[in-house]
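Pasted below: final-v1.tsv, TSV, C-alpha atoms and all ligand atoms.
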chain	number	residue	atom	x	y	z
A	1	MET	CA	0.00	0.00	0.00
A	2	LYS	CA	2.46	2.58	-1.22
A	3	ASP	CA	1.58	6.11	-2.21
A	4	THR	CA	4.53	8.00	-3.70
A	5	HIS	CA	5.23	11.53	-4.96
A	6	LYS	CA	4.90	10.11	-8.44
A	7	HIS	CA	1.37	8.90	-7.70
A	8	GLN	CA	0.53	12.30	-6.23
A	9	GLY	CA	1.82	14.03	-9.36
A	10	LEU	CA	-0.26	11.75	-11.58
A	11	ARG	CA	-3.36	12.57	-9.51
A	12	LYS	CA	-2.79	16.30	-9.98
A	13	GLN	CA	-2.59	15.72	-13.72
A	14	LEU	CA	-5.79	13.67	-13.63
A	15	ALA	CA	-7.56	16.52	-11.79
A	16	THR	CA	-6.38	18.90	-14.55
A	17	VAL	CA	-7.77	16.55	-17.21
A	18	LEU	CA	-11.12	16.44	-15.39
A	19	GLU	CA	-11.16	20.24	-15.11
A	20	ALA	CA	-10.61	20.47	-18.87
A	21	LYS	CA	-13.61	18.16	-19.35
A	22	GLY	CA	-15.84	20.49	-17.34
A	23	ILE	CA	-15.48	19.52	-13.67
A	24	THR	CA	-15.45	22.75	-11.64
A	25	ASP	CA	-16.47	21.62	-8.12
A	26	GLN	CA	-13.35	22.23	-6.04
A	27	LYS	CA	-14.33	19.63	-3.45
A	28	VAL	CA	-14.48	16.99	-6.20
A	29	LEU	CA	-11.13	18.04	-7.70
A	30	GLU	CA	-9.52	18.09	-4.26
A	31	ALA	CA	-10.83	14.55	-3.60
A	32	VAL	CA	-9.33	13.35	-6.91
A	33	ARG	CA	-5.98	14.92	-5.95
A	34	LYS	CA	-6.08	13.23	-2.57
A	35	ILE	CA	-7.46	9.69	-3.02
A	36	PRO	CA	-4.86	7.04	-4.02
A	37	ARG	CA	-6.89	5.50	-6.88
A	38	HIS	CA	-4.05	3.08	-7.74
A	39	LEU	CA	-4.74	1.26	-4.46
A	40	PHE	CA	-8.39	0.64	-5.46
A	41	ILE	CA	-7.55	-1.41	-8.54
A	42	ASP	CA	-5.64	-4.59	-9.26
A	43	SER	CA	-1.91	-3.90	-8.99
A	44	SER	CA	-1.37	-5.18	-12.55
A	45	PHE	CA	-3.22	-2.06	-13.75
A	46	GLU	CA	-1.37	0.31	-11.46
A	47	ALA	CA	0.34	2.09	-14.35
A	48	HIS	CA	-3.08	3.07	-15.72
A	49	ALA	CA	-4.68	4.11	-12.44
A	50	TYR	CA	-4.53	7.82	-13.21
A	51	GLN	CA	-5.75	7.70	-16.77
A	52	ASP	CA	-9.34	8.77	-17.24
A	53	LYS	CA	-10.54	5.21	-17.81
A	54	ALA	CA	-12.69	2.53	-16.19
A	55	PHE	CA	-10.92	-0.69	-15.11
A	56	PRO	CA	-11.80	-4.25	-14.14
A	57	ILE	CA	-11.97	-5.03	-10.42
A	58	ALA	CA	-13.07	-8.28	-8.71
A	59	ALA	CA	-16.23	-10.25	-9.60
A	60	GLU	CA	-16.32	-9.01	-13.22
A	61	GLN	CA	-17.13	-5.48	-12.10
A	62	THR	CA	-15.44	-2.20	-12.89
A	63	ILE	CA	-14.20	0.87	-11.09
A	64	SER	CA	-16.00	3.74	-12.82
A	65	GLN	CA	-14.10	6.15	-15.05
A	66	PRO	CA	-12.78	9.10	-12.99
A	67	TYR	CA	-14.74	11.56	-15.16
A	68	THR	CA	-17.96	9.66	-14.45
A	69	VAL	CA	-17.28	9.64	-10.69
A	70	ALA	CA	-16.45	13.36	-10.78
A	71	PHE	CA	-19.50	14.18	-12.92
A	72	GLN	CA	-21.88	12.29	-10.62
A	73	SER	CA	-20.31	13.79	-7.49
A	74	GLN	CA	-20.48	17.31	-8.90
A	75	THR	CA	-24.04	16.92	-10.18
A	76	LEU	CA	-25.25	15.76	-6.76
A	77	GLU	CA	-23.84	18.95	-5.16
A	78	VAL	CA	-22.79	16.99	-2.09
A	79	LYS	CA	-22.62	19.14	1.05
A	80	THR	CA	-21.01	18.49	4.43
A	81	ASP	CA	-23.21	16.16	6.52
A	82	ASP	CA	-25.51	15.27	3.62
A	83	LYS	CA	-26.94	11.80	4.18
A	84	VAL	CA	-26.04	9.96	0.98
A	85	LEU	CA	-27.02	6.50	-0.24
A	86	GLU	CA	-24.80	4.89	-2.85
A	87	ILE	CA	-25.95	1.85	-4.85
A	88	GLY	CA	-22.98	-0.21	-6.07
A	89	THR	CA	-20.06	0.15	-3.65
A	90	GLY	CA	-17.73	-1.71	-6.01
A	91	SER	CA	-14.12	-0.74	-5.34
A	92	GLY	CA	-15.17	1.98	-2.90
A	93	TYR	CA	-13.57	4.79	-4.92
A	94	GLN	CA	-16.83	6.71	-5.36
A	95	THR	CA	-17.55	6.10	-1.67
A	96	ALA	CA	-14.19	7.67	-0.79
A	97	VAL	CA	-14.96	10.73	-2.96
A	98	LEU	CA	-18.30	11.21	-1.17
A	99	LEU	CA	-16.57	10.88	2.22
A	100	GLU	CA	-13.91	13.43	1.20
A	101	MET	CA	-16.77	15.79	0.32
A	102	GLY	CA	-18.01	15.50	3.90
A	103	ALA	CA	-21.04	13.26	3.34
A	104	GLU	CA	-22.41	10.60	5.69
A	105	VAL	CA	-22.35	7.61	3.38
A	106	TYR	CA	-24.41	4.43	3.29
A	107	SER	CA	-23.43	2.14	0.42
A	108	ILE	CA	-24.98	-1.10	-0.86
A	109	GLU	CA	-23.20	-3.82	-2.87
A	110	ARG	CA	-24.78	-7.06	-4.09
A	111	GLN	CA	-21.57	-9.00	-4.85
A	112	HIS	CA	-20.42	-10.59	-1.62
A	113	GLU	CA	-16.78	-10.86	-2.66
A	114	LEU	CA	-16.61	-7.13	-3.42
A	115	PHE	CA	-18.58	-6.20	-0.32
A	116	LYS	CA	-16.09	-8.09	1.86
A	117	LYS	CA	-13.01	-6.81	0.07
A	118	THR	CA	-14.07	-3.16	0.11
A	119	SER	CA	-15.33	-3.34	3.72
A	120	LEU	CA	-11.83	-4.33	4.79
A	121	PHE	CA	-10.01	-1.99	2.44
A	122	LEU	CA	-11.68	1.42	2.98
A	123	PRO	CA	-10.96	1.64	6.74
A	124	LYS	CA	-7.29	0.84	6.02
A	125	LEU	CA	-7.16	4.14	4.13
A	126	GLY	CA	-9.07	5.89	6.91
A	127	TYR	CA	-12.39	6.02	5.01
A	128	ARG	CA	-15.30	5.30	7.31
A	129	ALA	CA	-18.71	5.01	5.75
A	130	LYS	CA	-21.65	5.13	8.19
A	131	LYS	CA	-22.49	1.68	6.90
A	132	LEU	CA	-21.54	-0.65	4.05
A	133	ILE	CA	-24.38	-3.03	3.32
A	134	PHE	CA	-24.44	-6.37	1.52
A	135	GLY	CA	-27.80	-6.38	-0.24
A	136	ASP	CA	-30.01	-5.34	-3.12
A	137	GLY	CA	-29.90	-1.70	-4.15
A	138	TYR	CA	-33.30	-1.91	-5.86
A	139	LYS	CA	-34.85	-1.76	-2.39
A	140	GLY	CA	-32.78	1.17	-1.16
A	141	LEU	CA	-32.43	1.42	2.61
A	142	PRO	CA	-35.89	2.14	4.07
A	143	GLU	CA	-34.71	1.87	7.68
A	144	ILE	CA	-32.27	4.80	7.24
A	145	ALA	CA	-34.28	6.90	4.71
A	146	PRO	CA	-34.95	9.69	3.89
A	147	PHE	CA	-31.71	10.70	2.15
A	148	ASP	CA	-30.45	14.06	0.89
A	149	LYS	CA	-28.85	12.38	-2.11
A	150	ILE	CA	-28.96	8.94	-3.75
A	151	ILE	CA	-26.36	7.94	-6.32
A	152	VAL	CA	-26.61	4.80	-8.45
A	153	THR	CA	-23.32	3.63	-9.97
A	154	ALA	CA	-24.67	0.78	-12.13
A	155	GLY	CA	-26.85	0.97	-15.25
A	156	ALA	CA	-30.49	0.62	-14.20
A	157	PRO	CA	-33.03	-0.80	-16.71
A	158	PHE	CA	-35.70	1.34	-14.97
A	159	VAL	CA	-35.93	3.76	-12.07
A	160	PRO	CA	-36.64	1.79	-8.88
A	161	LYS	CA	-39.63	3.37	-7.08
A	162	PRO	CA	-38.20	2.81	-3.56
A	163	LEU	CA	-35.25	5.06	-4.42
A	164	LEU	CA	-37.53	7.96	-5.38
A	165	SER	CA	-39.65	7.47	-2.26
A	166	GLN	CA	-36.56	7.44	-0.01
A	167	LEU	CA	-35.54	11.01	-0.99
A	168	LYS	CA	-36.12	14.02	1.26
A	169	VAL	CA	-38.11	16.85	-0.29
A	170	GLY	CA	-35.37	18.86	-2.01
A	171	GLY	CA	-33.29	15.67	-2.32
A	172	LYS	CA	-31.66	14.37	-5.50
A	173	LEU	CA	-31.45	10.94	-7.13
A	174	LEU	CA	-28.79	10.54	-9.82
A	175	ILE	CA	-29.18	7.34	-11.81
A	176	PRO	CA	-27.91	6.10	-15.19
A	177	VAL	CA	-30.97	4.62	-16.92
A	178	GLY	CA	-30.88	2.23	-19.88
A	179	ASP	CA	-29.92	-1.28	-20.96
A	180	HIS	CA	-26.83	-1.07	-23.17
A	181	THR	CA	-25.84	2.54	-22.71
A	182	GLN	CA	-27.45	4.76	-20.15
A	183	ILE	CA	-28.79	8.28	-19.94
A	184	MET	CA	-27.60	9.95	-16.76
A	185	THR	CA	-30.85	11.05	-15.16
A	186	LEU	CA	-31.31	13.46	-12.26
A	187	PHE	CA	-34.53	13.54	-10.23
A	188	ILE	CA	-35.13	16.38	-7.78
A	189	ARG	CA	-37.93	15.84	-5.29
A	190	LYS	CA	-40.07	19.00	-5.30
A	191	SER	CA	-42.77	17.76	-2.92
A	192	ALA	CA	-44.19	14.48	-1.61
A	193	LYS	CA	-45.56	13.69	-5.07
A	194	GLU	CA	-43.63	15.85	-7.53
A	195	PHE	CA	-40.25	15.12	-9.10
A	196	GLU	CA	-38.35	17.23	-11.60
A	197	LYS	CA	-36.42	15.17	-14.17
A	198	HIS	CA	-33.25	16.19	-16.06
A	199	GLU	CA	-31.43	14.08	-18.66
A	200	LEU	CA	-27.70	14.74	-18.61
A	201	GLY	CA	-26.14	12.77	-21.45
A	202	ASP	CA	-24.96	9.28	-22.34
A	203	PHE	CA	-22.76	7.08	-20.17
A	204	ALA	CA	-21.81	3.39	-20.03
A	205	PHE	CA	-22.06	1.38	-16.81
A	206	VAL	CA	-22.09	-2.30	-15.81
A	207	PRO	CA	-25.70	-3.40	-15.28
A	208	MET	CA	-27.66	-2.96	-12.07
A	209	LEU	CA	-28.72	-6.55	-11.40
A	210	GLU	CA	-31.68	-7.98	-9.54
A	211	GLU	CA	-31.03	-9.71	-6.25
A	212	LYS	CA	-29.45	-13.15	-6.46
A	213	ASN	CA	-31.63	-16.07	-5.44
B	301	LIG	N1	-18.98	2.96	-7.35
B	301	LIG	C1	-18.17	1.88	-7.87
B	301	LIG	C2	-18.66	1.43	-9.24
B	301	LIG	C3	-18.66	-0.06	-9.35
B	301	LIG	S1	-19.49	-0.74	-10.75
B	301	LIG	C4	-16.71	2.27	-7.90
B	301	LIG	O1	-16.40	3.45	-7.77
B	301	LIG	O2	-15.86	1.39	-8.01
B	301	LIG	C5	-21.16	-0.98	-10.16
B	301	LIG	C6	-21.33	-1.84	-8.93
B	301	LIG	O3	-22.74	-2.00	-8.70
B	301	LIG	C7	-20.77	-3.26	-9.05
B	301	LIG	O4	-19.89	-3.49	-7.99
B	301	LIG	C8	-22.01	-4.16	-8.95
B	301	LIG	O5	-21.77	-5.39	-8.29
B	301	LIG	C9	-22.97	-3.28	-8.17
B	301	LIG	N2	-24.39	-3.62	-8.32
B	301	LIG	C10	-25.03	-4.05	-9.44
B	301	LIG	N3	-26.34	-4.24	-9.19
B	301	LIG	C11	-26.54	-3.93	-7.87
B	301	LIG	C12	-27.68	-3.95	-7.00
B	301	LIG	N4	-28.88	-4.33	-7.41
B	301	LIG	N5	-27.50	-3.56	-5.71
B	301	LIG	C13	-26.27	-3.18	-5.25
B	301	LIG	N6	-25.16	-3.15	-6.02
B	301	LIG	C14	-25.29	-3.53	-7.31

Using structure tokens, write down the structure from this file.
Ligand code: SAH
Amino acid sequence: MKDTHKHQGLRKQLATVLEAKGITDQKVLEAVRKIPRHLFIDSSFEAHAYQDKAFPIAAEQTISQPYTVAFQSQTLEVKTDDKVLEIGTGSGYQTAVLLEMGAEVYSIERQHELFKKTSLFLPKLGYRAKKLIFGDGYKGLPEIAPFDKIIVTAGAPFVPKPLLSQLKVGGKLLIPVGDHTQIMTLFIRKSAKEFEKHELGDFAFVPMLEEKN
């Protein structure tokens, strides 16, 4: 678990690349400069850790592209002490970004291998989520709801109703919707029954899967 000056330099460059692509939120850019992304991926890919690319992690899943993580984090306008639910913990990199932004994070992962691995790994770097949960993100987390923000980091074939209903009024759900490619979709809860919807462009994610039997 080494983090060198070289890694730090590569992270600064990555933050500059993300800025050039339109990321302006200083809290997001600071998180990218700080979090040792090379430690979140298989060491055989270490040389590529600071390119703006997605990479394979365990259980046939991927660590999202840095731009995607930055775009989702910026779009959610995460504020200190926001209660945030993440669906798809994966490597924990997005979780770490949310924690650096000052959020209280609850994160759900349905692959047990990844859940175990990331639960052990994040605290080693000093990242403490409120709770990492092994379970099905389609259900959200009714016992902890309502949330200020909900972020889905897998491609959802449809918008799960429980996620909309677990938002505070004024809260935001950011979810990539679609089968092969996804449209990044932002829902803002205006009242108990009203949601404003914004479509924010095309992205590609691994699929959000139904619970295993
Ligand atoms: N945020 C992660 C992205 C990982 S890819 C990162 O930064 O590394 C998406 C993750 O969503 C995968 O780990 C996948 O196992 C998980 N996933 C897919 N369907 C899910 C579901 N229904 N509930 C919870 N997690 C799910």

Could you list, as number ranges by chain, all the residues within 9 Å of ligand LIG 301 (chain B), counting all atoms listed in the file? A: 40-41, 54-55, 57-66, 69, 86-97, 107-112, 114-115, 133-140, 151-156, 205-212

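Atom pair CA of Leu76 (chain A) / CA of Glu113 (chain A) has a distance of 28.2 Å (rounded to one decimal).
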
Is it possible to get the residues within 10 Å of (-18.3, 16.0, 3.1) (coordinates as in the file, counting only C-alpha atoms) written as a list in words?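 These residues have at least one counted atom within 10 Å: Lys27, Val78, Lys79, Thr80, Asp81, Asp82, Lys83, Val97, Leu98, Leu99, Glu100, Met101, Gly102, Ala103, Glu104 and Val105 of chain A.
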
Resulting file, chosen residues, C-alpha atoms, as a PDB file, in the coordinates of the input:
ATOM      1  CA  LYS A  27     -14.330  19.630  -3.450  1.00  0.00           C
ATOM      2  CA  VAL A  78     -22.790  16.990  -2.090  1.00  0.00           C
ATOM      3  CA  LYS A  79     -22.620  19.140   1.050  1.00  0.00           C
ATOM      4  CA  THR A  80     -21.010  18.490   4.430  1.00  0.00           C
ATOM      5  CA  ASP A  81     -23.210  16.160   6.520  1.00  0.00           C
ATOM      6  CA  ASP A  82     -25.510  15.270   3.620  1.00  0.00           C
ATOM      7  CA  LYS A  83     -26.940  11.800   4.180  1.00  0.00           C
ATOM      8  CA  VAL A  97     -14.960  10.730  -2.960  1.00  0.00           C
ATOM      9  CA  LEU A  98     -18.300  11.210  -1.170  1.00  0.00           C
ATOM     10  CA  LEU A  99     -16.570  10.880   2.220  1.00  0.00           C
ATOM     11  CA  GLU A 100     -13.910  13.430   1.200  1.00  0.00           C
ATOM     12  CA  MET A 101     -16.770  15.790   0.320  1.00  0.00           C
ATOM     13  CA  GLY A 102     -18.010  15.500   3.900  1.00  0.00           C
ATOM     14  CA  ALA A 103     -21.040  13.260   3.340  1.00  0.00           C
ATOM     15  CA  GLU A 104     -22.410  10.600   5.690  1.00  0.00           C
ATOM     16  CA  VAL A 105     -22.350   7.610   3.380  1.00  0.00           C
TER      17      VAL A 105
END

What does the structure give for the distance between CA of Pro146 (chain A) and CA of Ile188 (chain A), in Å to one decimal? 13.5 Å

I need the residue nearest Met184 (chain A) from this list: A:Gln72, A:Leu132, A:Phe147, A:Leu167. Use all atoms listed in the file for the distance.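 That would be A:Gln72, the residue with the smallest distance to Met184 (chain A).
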
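With CA of Ile175 (chain A) on one side and CA of Phe187 (chain A) on the other, the separation reads 8.3 Å.
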
What lies within 9 Å of Phe158 (chain A) using all atoms listed in the file, ignoring chain neighbours under 4 positions off, as a CSV table (one decimal) with C-alpha atoms, in the coordinates of the input?
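For reference, selection.csv as written:
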chain,number,residue,atom,x,y,z
A,177,VAL,CA,-31.0,4.6,-16.9
A,178,GLY,CA,-30.9,2.2,-19.9
A,179,ASP,CA,-29.9,-1.3,-21.0

Using the incomplete input, complete region 7-19 of chain A to the level of N, CA and C atoms; output as a PDB file, keeping the file's coordinate frame.
ATOM      1  N   HIS A   7       2.827   9.094  -7.688  1.00  0.00           N
ATOM      2  CA  HIS A   7       1.370   8.900  -7.700  1.00  0.00           C
ATOM      3  C   HIS A   7       0.649  10.235  -7.475  1.00  0.00           C
ATOM      4  N   GLN A   8       1.165  11.009  -6.536  1.00  0.00           N
ATOM      5  CA  GLN A   8       0.530  12.300  -6.230  1.00  0.00           C
ATOM      6  C   GLN A   8       0.562  13.232  -7.446  1.00  0.00           C
ATOM      7  N   GLY A   9       1.684  13.215  -8.148  1.00  0.00           N
ATOM      8  CA  GLY A   9       1.820  14.030  -9.360  1.00  0.00           C
ATOM      9  C   GLY A   9       0.829  13.603 -10.431  1.00  0.00           C
ATOM     10  N   LEU A  10       0.677  12.274 -10.582  1.00  0.00           N
ATOM     11  CA  LEU A  10      -0.260  11.750 -11.580  1.00  0.00           C
ATOM     12  C   LEU A  10      -1.694  12.136 -11.236  1.00  0.00           C
ATOM     13  N   ARG A  11      -2.003  12.173  -9.947  1.00  0.00           N
ATOM     14  CA  ARG A  11      -3.360  12.570  -9.510  1.00  0.00           C
ATOM     15  C   ARG A  11      -3.642  14.033  -9.831  1.00  0.00           C
ATOM     16  N   LYS A  12      -2.605  14.875  -9.635  1.00  0.00           N
ATOM     17  CA  LYS A  12      -2.790  16.300  -9.980  1.00  0.00           C
ATOM     18  C   LYS A  12      -3.082  16.445 -11.457  1.00  0.00           C
ATOM     19  N   GLN A  13      -2.338  15.671 -12.272  1.00  0.00           N
ATOM     20  CA  GLN A  13      -2.590  15.720 -13.720  1.00  0.00           C
ATOM     21  C   GLN A  13      -3.989  15.244 -14.059  1.00  0.00           C
ATOM     22  N   LEU A  14      -4.437  14.188 -13.376  1.00  0.00           N
ATOM     23  CA  LEU A  14      -5.790  13.670 -13.630  1.00  0.00           C
ATOM     24  C   LEU A  14      -6.824  14.753 -13.284  1.00  0.00           C
ATOM     25  N   ALA A  15      -6.625  15.451 -12.171  1.00  0.00           N
ATOM     26  CA  ALA A  15      -7.560  16.520 -11.790  1.00  0.00           C
ATOM     27  C   ALA A  15      -7.599  17.606 -12.880  1.00  0.00           C
ATOM     28  N   THR A  16      -6.438  17.901 -13.468  1.00  0.00           N
ATOM     29  CA  THR A  16      -6.380  18.900 -14.550  1.00  0.00           C
ATOM     30  C   THR A  16      -7.162  18.425 -15.772  1.00  0.00           C
ATOM     31  N   VAL A  17      -7.025  17.128 -16.085  1.00  0.00           N
ATOM     32  CA  VAL A  17      -7.770  16.550 -17.210  1.00  0.00           C
ATOM     33  C   VAL A  17      -9.282  16.664 -16.952  1.00  0.00           C
ATOM     34  N   LEU A  18      -9.696  16.386 -15.729  1.00  0.00           N
ATOM     35  CA  LEU A  18     -11.120  16.440 -15.390  1.00  0.00           C
ATOM     36  C   LEU A  18     -11.641  17.879 -15.455  1.00  0.00           C
ATOM     37  N   GLU A  19     -10.788  18.820 -15.022  1.00  0.00           N
ATOM     38  CA  GLU A  19     -11.160  20.240 -15.110  1.00  0.00           C
ATOM     39  C   GLU A  19     -11.388  20.632 -16.562  1.00  0.00           C
TER      40      GLU A  19
END
